[in-house]
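Asker: See structure.txt below, with compact mmCIF, N, CA and C atoms.
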# COMPACT_ATOMS: atom_id res chain seq x y z
N MET A 18 44.07 98.28 0.75
CA MET A 18 42.96 97.81 1.54
C MET A 18 43.28 96.46 2.17
N ALA A 19 43.98 95.61 1.42
CA ALA A 19 44.33 94.30 1.96
C ALA A 19 45.34 94.43 3.09
N ALA A 20 46.24 95.40 2.99
CA ALA A 20 47.24 95.61 4.03
C ALA A 20 46.57 96.07 5.32
N LEU A 21 45.58 96.96 5.19
CA LEU A 21 44.85 97.42 6.37
C LEU A 21 44.11 96.27 7.04
N ARG A 22 43.55 95.42 6.24
CA ARG A 22 42.82 94.26 6.75
C ARG A 22 43.78 93.30 7.45
N ARG A 23 44.96 93.09 6.87
CA ARG A 23 45.96 92.22 7.49
C ARG A 23 46.44 92.79 8.82
N TRP A 24 46.65 94.12 8.86
CA TRP A 24 47.06 94.76 10.11
C TRP A 24 46.00 94.60 11.19
N ALA A 25 44.75 94.81 10.83
CA ALA A 25 43.66 94.68 11.80
C ALA A 25 43.58 93.24 12.33
N LEU A 26 43.71 92.28 11.45
CA LEU A 26 43.67 90.88 11.86
C LEU A 26 44.87 90.54 12.76
N ALA A 27 46.04 91.07 12.44
CA ALA A 27 47.23 90.82 13.25
C ALA A 27 47.07 91.44 14.64
N LEU A 28 46.53 92.64 14.70
CA LEU A 28 46.30 93.28 16.00
C LEU A 28 45.28 92.51 16.82
N LEU A 29 44.26 92.03 16.18
CA LEU A 29 43.24 91.26 16.88
C LEU A 29 43.82 89.96 17.42
N ARG A 30 44.61 89.28 16.61
CA ARG A 30 45.21 88.02 17.06
C ARG A 30 46.25 88.25 18.15
N GLY A 31 46.92 89.37 18.15
CA GLY A 31 47.89 89.66 19.19
C GLY A 31 47.28 90.18 20.47
N SER A 32 46.21 90.93 20.33
CA SER A 32 45.61 91.52 21.53
C SER A 32 44.70 90.54 22.27
N GLY A 33 44.22 89.52 21.59
CA GLY A 33 43.35 88.53 22.26
C GLY A 33 44.06 87.79 23.38
N PRO A 34 45.17 87.13 23.13
CA PRO A 34 45.89 86.45 24.21
C PRO A 34 46.41 87.41 25.29
N THR A 35 46.77 88.62 24.86
CA THR A 35 47.22 89.61 25.84
C THR A 35 46.09 89.98 26.78
N ALA A 36 44.91 90.18 26.25
CA ALA A 36 43.75 90.51 27.08
C ALA A 36 43.41 89.37 28.03
N VAL A 37 43.50 88.14 27.55
CA VAL A 37 43.24 86.99 28.41
C VAL A 37 44.28 86.94 29.53
N GLY A 38 45.53 87.21 29.22
CA GLY A 38 46.58 87.21 30.24
C GLY A 38 46.35 88.29 31.29
N VAL A 39 45.95 89.47 30.85
CA VAL A 39 45.68 90.56 31.79
C VAL A 39 44.49 90.21 32.68
N LEU A 40 43.46 89.62 32.12
CA LEU A 40 42.30 89.21 32.93
C LEU A 40 42.69 88.15 33.95
N LEU A 41 43.50 87.18 33.55
CA LEU A 41 43.96 86.18 34.50
C LEU A 41 44.84 86.79 35.58
N TRP A 42 45.65 87.77 35.20
CA TRP A 42 46.49 88.45 36.17
C TRP A 42 45.63 89.11 37.24
N PHE A 43 44.60 89.82 36.81
CA PHE A 43 43.72 90.48 37.77
C PHE A 43 42.93 89.48 38.60
N ALA A 44 42.53 88.37 38.00
CA ALA A 44 41.79 87.36 38.74
C ALA A 44 42.66 86.74 39.83
N MET A 45 43.93 86.49 39.53
CA MET A 45 44.82 85.89 40.52
C MET A 45 45.23 86.93 41.56
N GLY A 46 45.38 88.15 41.16
CA GLY A 46 45.80 89.20 42.09
C GLY A 46 44.74 89.58 43.09
N SER A 47 43.49 89.37 42.76
CA SER A 47 42.42 89.75 43.68
C SER A 47 42.41 88.86 44.91
N GLY A 48 42.90 87.63 44.83
CA GLY A 48 42.94 86.74 45.97
C GLY A 48 44.19 86.89 46.81
N GLU A 49 45.06 87.81 46.45
CA GLU A 49 46.33 87.97 47.16
C GLU A 49 46.12 88.42 48.60
N GLU A 50 45.19 89.33 48.84
CA GLU A 50 44.95 89.81 50.20
C GLU A 50 44.44 88.68 51.08
N LYS A 51 43.55 87.87 50.53
CA LYS A 51 43.02 86.75 51.30
C LYS A 51 44.12 85.74 51.61
N ARG A 52 45.02 85.54 50.67
CA ARG A 52 46.12 84.61 50.87
C ARG A 52 47.07 85.13 51.95
N GLN A 53 47.32 86.44 51.96
CA GLN A 53 48.19 87.02 52.98
C GLN A 53 47.58 86.86 54.37
N GLU A 54 46.28 87.05 54.49
CA GLU A 54 45.61 86.87 55.78
C GLU A 54 45.68 85.41 56.22
N MET A 55 45.54 84.49 55.27
CA MET A 55 45.60 83.08 55.61
C MET A 55 47.01 82.69 56.05
N LEU A 56 48.03 83.27 55.43
CA LEU A 56 49.40 82.97 55.82
C LEU A 56 49.70 83.46 57.24
N LYS A 57 49.08 84.56 57.64
CA LYS A 57 49.29 85.07 58.99
C LYS A 57 48.71 84.14 60.03
N ALA A 58 47.67 83.39 59.67
CA ALA A 58 47.00 82.51 60.61
C ALA A 58 47.62 81.11 60.67
N LEU A 59 48.61 80.83 59.86
CA LEU A 59 49.22 79.51 59.86
C LEU A 59 49.99 79.25 61.15
N PRO A 60 50.14 77.99 61.52
CA PRO A 60 50.86 77.70 62.76
C PRO A 60 52.32 78.09 62.74
N GLU A 61 52.90 78.33 61.57
CA GLU A 61 54.29 78.73 61.50
C GLU A 61 54.51 80.11 62.10
N ALA A 62 53.44 80.87 62.29
CA ALA A 62 53.57 82.18 62.91
C ALA A 62 53.78 82.05 64.41
N ASN A 63 53.61 80.85 64.94
CA ASN A 63 53.79 80.58 66.36
C ASN A 63 55.28 80.58 66.70
N PRO A 64 55.71 81.31 67.74
CA PRO A 64 57.14 81.38 68.06
C PRO A 64 57.76 80.03 68.42
N GLU A 65 57.00 79.15 69.08
CA GLU A 65 57.55 77.84 69.44
C GLU A 65 57.86 77.01 68.20
N VAL A 66 56.96 77.06 67.24
CA VAL A 66 57.17 76.30 66.00
C VAL A 66 58.37 76.87 65.24
N LEU A 67 58.49 78.19 65.23
CA LEU A 67 59.64 78.81 64.55
C LEU A 67 60.95 78.42 65.23
N ALA A 68 60.97 78.39 66.56
CA ALA A 68 62.18 78.00 67.28
C ALA A 68 62.53 76.55 66.98
N GLU A 69 61.53 75.68 66.93
CA GLU A 69 61.77 74.28 66.61
C GLU A 69 62.31 74.12 65.20
N ARG A 70 61.76 74.87 64.28
CA ARG A 70 62.21 74.80 62.89
C ARG A 70 63.64 75.32 62.76
N ARG A 71 63.97 76.40 63.47
CA ARG A 71 65.34 76.91 63.43
C ARG A 71 66.32 75.88 63.98
N TYR A 72 65.95 75.20 65.07
CA TYR A 72 66.80 74.17 65.65
C TYR A 72 67.01 73.04 64.65
N HIS A 73 65.93 72.63 64.01
CA HIS A 73 66.01 71.56 63.01
C HIS A 73 66.91 71.98 61.85
N ASN A 74 66.78 73.21 61.40
CA ASN A 74 67.61 73.71 60.31
C ASN A 74 69.08 73.76 60.72
N ARG A 75 69.35 74.12 62.01
CA ARG A 75 70.73 74.12 62.49
C ARG A 75 71.33 72.72 62.45
N LEU A 76 70.53 71.71 62.85
CA LEU A 76 71.02 70.34 62.80
C LEU A 76 71.33 69.90 61.38
N ILE A 77 70.46 70.24 60.47
CA ILE A 77 70.67 69.87 59.06
C ILE A 77 71.92 70.57 58.51
N MET A 78 72.08 71.85 58.82
CA MET A 78 73.26 72.56 58.33
C MET A 78 74.53 71.99 58.94
N ALA A 79 74.49 71.56 60.20
CA ALA A 79 75.67 70.95 60.82
C ALA A 79 76.02 69.64 60.11
N ALA A 80 75.01 68.84 59.79
CA ALA A 80 75.25 67.59 59.09
C ALA A 80 75.82 67.85 57.69
N LEU A 81 75.28 68.85 57.00
CA LEU A 81 75.79 69.19 55.67
C LEU A 81 77.22 69.72 55.75
N ARG A 82 77.50 70.51 56.77
CA ARG A 82 78.84 71.05 56.94
C ARG A 82 79.84 69.92 57.20
N GLU A 83 79.44 68.97 58.06
CA GLU A 83 80.32 67.84 58.34
C GLU A 83 80.54 67.00 57.09
N ALA A 84 79.48 66.80 56.31
CA ALA A 84 79.61 66.01 55.09
C ALA A 84 80.53 66.71 54.09
N ALA A 85 80.51 68.03 54.07
CA ALA A 85 81.36 68.77 53.14
C ALA A 85 82.82 68.73 53.57
N GLU A 86 83.06 68.62 54.87
CA GLU A 86 84.43 68.65 55.36
C GLU A 86 85.11 67.29 55.34
N THR A 87 84.37 66.22 55.22
CA THR A 87 84.96 64.88 55.27
C THR A 87 85.01 64.27 53.87
N ASP A 88 85.92 63.30 53.72
CA ASP A 88 86.02 62.59 52.45
C ASP A 88 85.15 61.34 52.45
N ASP A 89 84.58 60.99 53.61
CA ASP A 89 83.73 59.81 53.69
C ASP A 89 82.39 60.08 53.02
N ASN A 90 81.77 59.01 52.57
CA ASN A 90 80.44 59.11 52.00
C ASN A 90 79.44 58.99 53.15
N VAL A 91 78.90 60.12 53.58
CA VAL A 91 78.01 60.11 54.74
C VAL A 91 76.68 59.45 54.42
N ALA A 92 76.35 59.30 53.17
CA ALA A 92 75.10 58.62 52.81
C ALA A 92 75.18 57.13 53.07
N GLN A 93 76.41 56.58 53.17
CA GLN A 93 76.59 55.15 53.39
C GLN A 93 76.75 54.80 54.87
N ARG A 94 76.60 55.77 55.75
CA ARG A 94 76.70 55.50 57.18
C ARG A 94 75.51 54.68 57.64
N PRO A 95 75.64 53.97 58.77
CA PRO A 95 74.50 53.23 59.30
C PRO A 95 73.34 54.16 59.61
N VAL A 96 72.14 53.63 59.58
CA VAL A 96 70.92 54.43 59.70
C VAL A 96 70.80 55.18 61.02
N PRO A 97 71.07 54.59 62.18
CA PRO A 97 70.84 55.36 63.40
C PRO A 97 71.92 56.40 63.68
N TRP A 98 72.42 57.06 62.63
CA TRP A 98 73.45 58.06 62.80
C TRP A 98 72.82 59.33 63.35
N ARG A 99 73.38 59.84 64.40
CA ARG A 99 72.88 61.08 65.01
C ARG A 99 74.04 62.04 65.19
N LYS A 100 73.75 63.28 65.07
CA LYS A 100 74.74 64.33 65.27
C LYS A 100 74.87 64.58 66.74
Could the structure of this file be written out as structure tokens, please?
Answerer:
Amino acid sequence: MAALRRWALALLRGSGPTAVGVLLWFAMGSGEEKRQEMLKALPEANPEVLAERRYHNRLIMAALREAAETDDNVAQRPVPWRK
């Protein structure tokens, strides 16, 4: 009888946090559709902004590539350094 009681208590203690986790999962998942709609309306969906961001990323990658190819410490260069 004591073993059955211990098993029941162990199942209750294990299933409680699991149930809370599942409820939180469903609560967070229900807002996913709304979040997807909001992401579509962000300004990053604008082609001009995307082109500007790609250009900026190209400049950063060029600077990183140059820093990788040289033995100089590019962090110690004067501030108005431009590619």
Asker: What is the distance, in Å and to one decimal place, between atom CA of Glu69 of chain A and atom CA of Lys51 of chain A?
Answerer: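 Atom CA of Glu69 of chain A sits 27.2 Å away from atom CA of Lys51 of chain A.
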Asker: How many Å separate atom N of Ala80 of chain A from atom N of Ala92 of chain A?
Answerer: 11.7 Å
Asker: Going by DSSP on the backbone, which bits of chain A are helix (DSSP H, G or I)? Write them as a PyMOL selection string, please.
Answerer: chain A and resi 19-47+49-57+60-62+64-86+91-93
Asker: One decimal, in Å: what's the spacing between atom CA of Ala68 of chain A and atom CA of Arg52 of chain A?
Answerer: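 A separation of 23.9 Å between them.
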Asker: Taking all atoms of segment 73-79 of chain A that the file lists and extending 3 Å past them on each side, where is the centre of the axis-aligned box and how long are its edges? Answer in Å to one decimal, as AutoDock Vina command-line options.
Answerer:
--center_x 71.0 --center_y 71.9 --center_z 61.2 --size_x 16.1 --size_y 10.5 --size_z 11.7
